[in-house]
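Each remark here refers to the structure printed beneath this line.
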Amino acid sequence: MTEGRTRVLVADDHAMYRIAVQQLINTAPDLEVAGVARDGAEAWNMTLELRPDVVVLDSDMPVVNGVKVLARLRTEMPQVRIVLNTSDPVASAIARGFGAECVAKEALPEVLLAAIRGTTATVER
């Protein structure tokens, strides 16, 4: 963490989602965007280079999918927390087996923020 703030790498191939997550993180005083990746290979390389505290990782990205990146990160960088964006039950099961949090892209912003922080969100609709 930098100055008490959690550094987050956002990895997603959809520009609109990347931008929305960046903006969400920028509203949180305890979080900061460490970097942004557009595919799995870029996510892997940026994680090695930037050493974020948390990676928000899309499960279905080009070049290398998020589940493969997750498995590699768990093996080579186990200290990095991972939040996998997926609605796929198989990907969720694999991710949870690797100790990652899973959040659907359709989830409320508070749920994603809670997962990034490693807490549980209590959200009223």
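Following the order of the structure tokens, first chain is A, next is B, and so on, with residues numbered from 1 inside each chain and ligands from 1 in the order they appear.
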Taking the chain letters and numbering used in this document, name the residues of chain A that DSSP puts in strand (DSSP E or B), as number ranges by chain.
A: 2, 5-11, 31-37, 54-58, 81-85, 101-103
Give one line per residue of range 47-102 of chain A that approaches range 27-33 of chain A to at most 10 Å, naming the two atoms of the closest pair and their distance in Å to one decimal, counting only C-alpha atoms; sort by chain then ascending residue number and deliver it as JSON lines.
{"residue": "A:Pro52", "atom": "CA", "partner": "A:Val33", "partner_atom": "CA", "distance": 8.8}
{"residue": "A:Asp53", "atom": "CA", "partner": "A:Leu31", "partner_atom": "CA", "distance": 10.0}
{"residue": "A:Val54", "atom": "CA", "partner": "A:Val33", "partner_atom": "CA", "distance": 9.7}
{"residue": "A:Val55", "atom": "CA", "partner": "A:Val33", "partner_atom": "CA", "distance": 10.0}
For the selection you just gave me, I'd like the residues written to a file as a short mmCIF file (atom, residue, chain, number, x, y, z; two decimals), in the first residue's frame, keeping N, CA and C atoms.
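What follows is the written file again08.cif:
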data_model
loop_
_atom_site.label_atom_id
_atom_site.label_comp_id
_atom_site.auth_asym_id
_atom_site.auth_seq_id
_atom_site.Cartn_x
_atom_site.Cartn_y
_atom_site.Cartn_z
N PRO A 52 0.83 -4.12 -7.66
CA PRO A 52 -0.35 -3.59 -6.97
C PRO A 52 -0.72 -4.49 -5.79
N ASP A 53 -1.54 -3.96 -4.91
CA ASP A 53 -2.05 -4.75 -3.78
C ASP A 53 -3.18 -5.66 -4.24
N VAL A 54 -3.99 -5.16 -5.19
CA VAL A 54 -5.17 -5.87 -5.68
C VAL A 54 -5.22 -5.77 -7.20
N VAL A 55 -5.66 -6.86 -7.84
CA VAL A 55 -5.92 -6.85 -9.28
C VAL A 55 -7.39 -7.15 -9.48
#
Looking only at helix (DSSP H, G or I) from DSSP on the backbone, list the matching residues of chain A as number ranges by chain.
A: 15-26, 40-50, 66-76, 89-97, 109-117
What is the CA of Gln23 in chain A-CA of Leu112 in chain A distance in Å, reported with one decimal?
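Answer for the CA of Gln23 in chain A to CA of Leu112 in chain A separation: 12.5 Å.
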Give me, as a ChimeraX atom specification, all polymer residues having an atom no more than 7 Å from range 79-88 of chain A, counting only C-alpha atoms and skipping those fewer than 3 positions away in the same chain.
/A:52-59,91-92,100-105,115-116
Keeping only N, CA, C and O atoms, write the selected residues to a file as a compact mmCIF listing (two decimals), in the first residue's frame.
# COMPACT_ATOMS: atom_id res chain seq x y z
N PRO A 52 0.83 -4.12 -7.66
CA PRO A 52 -0.35 -3.59 -6.97
C PRO A 52 -0.72 -4.49 -5.79
O PRO A 52 -0.28 -5.64 -5.70
N ASP A 53 -1.54 -3.96 -4.91
CA ASP A 53 -2.05 -4.75 -3.78
C ASP A 53 -3.18 -5.66 -4.24
O ASP A 53 -3.34 -6.77 -3.73
N VAL A 54 -3.99 -5.16 -5.19
CA VAL A 54 -5.17 -5.87 -5.68
C VAL A 54 -5.22 -5.77 -7.20
O VAL A 54 -4.90 -4.72 -7.76
N VAL A 55 -5.66 -6.86 -7.84
CA VAL A 55 -5.92 -6.85 -9.28
C VAL A 55 -7.39 -7.15 -9.48
O VAL A 55 -7.89 -8.17 -9.01
N VAL A 56 -8.10 -6.24 -10.14
CA VAL A 56 -9.48 -6.49 -10.56
C VAL A 56 -9.37 -7.02 -11.98
O VAL A 56 -8.95 -6.30 -12.89
N LEU A 57 -9.73 -8.28 -12.16
CA LEU A 57 -9.39 -9.03 -13.36
C LEU A 57 -10.64 -9.58 -14.03
O LEU A 57 -11.40 -10.33 -13.40
N ASP A 58 -10.86 -9.24 -15.28
CA ASP A 58 -11.96 -9.79 -16.05
C ASP A 58 -11.64 -11.25 -16.38
O ASP A 58 -10.51 -11.57 -16.74
N SER A 59 -12.61 -12.13 -16.26
CA SER A 59 -12.35 -13.55 -16.52
C SER A 59 -12.19 -13.86 -18.00
O SER A 59 -11.52 -14.82 -18.36
N ALA A 91 -15.82 -20.58 -13.79
CA ALA A 91 -14.73 -19.64 -13.51
C ALA A 91 -14.75 -19.20 -12.05
O ALA A 91 -13.70 -19.09 -11.41
N SER A 92 -15.95 -19.00 -11.49
CA SER A 92 -16.07 -18.62 -10.08
C SER A 92 -15.52 -19.71 -9.17
O SER A 92 -14.80 -19.43 -8.21
N ALA A 100 -9.48 -16.27 -4.70
CA ALA A 100 -9.88 -14.96 -5.24
C ALA A 100 -11.33 -14.66 -4.88
O ALA A 100 -12.13 -15.56 -4.67
N GLU A 101 -11.65 -13.40 -4.83
CA GLU A 101 -13.03 -12.95 -4.69
C GLU A 101 -13.65 -12.95 -6.09
O GLU A 101 -12.94 -12.70 -7.07
N CYS A 102 -14.93 -13.19 -6.18
CA CYS A 102 -15.63 -13.13 -7.47
C CYS A 102 -16.76 -12.11 -7.37
O CYS A 102 -17.53 -12.12 -6.41
N VAL A 103 -16.83 -11.25 -8.37
CA VAL A 103 -17.87 -10.23 -8.44
C VAL A 103 -18.37 -10.18 -9.87
O VAL A 103 -17.57 -10.08 -10.81
N ALA A 104 -19.67 -10.24 -10.05
CA ALA A 104 -20.25 -10.12 -11.38
C ALA A 104 -20.15 -8.67 -11.84
O ALA A 104 -20.23 -7.74 -11.03
N LYS A 105 -20.00 -8.46 -13.14
CA LYS A 105 -19.93 -7.10 -13.66
C LYS A 105 -21.23 -6.34 -13.39
O LYS A 105 -21.22 -5.11 -13.33
N ALA A 115 -15.19 -5.94 -2.21
CA ALA A 115 -14.30 -7.03 -2.61
C ALA A 115 -12.86 -6.54 -2.74
O ALA A 115 -11.93 -7.23 -2.32
N ILE A 116 -12.67 -5.35 -3.29
CA ILE A 116 -11.33 -4.78 -3.40
C ILE A 116 -10.72 -4.59 -2.03
O ILE A 116 -9.55 -4.87 -1.80
Which residue, A:Arg74, A:Arg7, A:His14, A:Arg117, has the smallest gap to Ala34 in chain A when you use only C-alpha atoms?
A:Arg7
Straight-line distance linking CA of Ala43 in chain A with CA of Asp12 in chain A, stated in Å to one decimal
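So the two atoms, CA of Ala43 in chain A and CA of Asp12 in chain A, lie 8.6 Å apart.
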Residue with smallest distance to Glu42 in chain A - pool A:Phe98, A:Met77, A:Gly66, A:Ile25, counting only C-alpha atoms:
A:Gly66
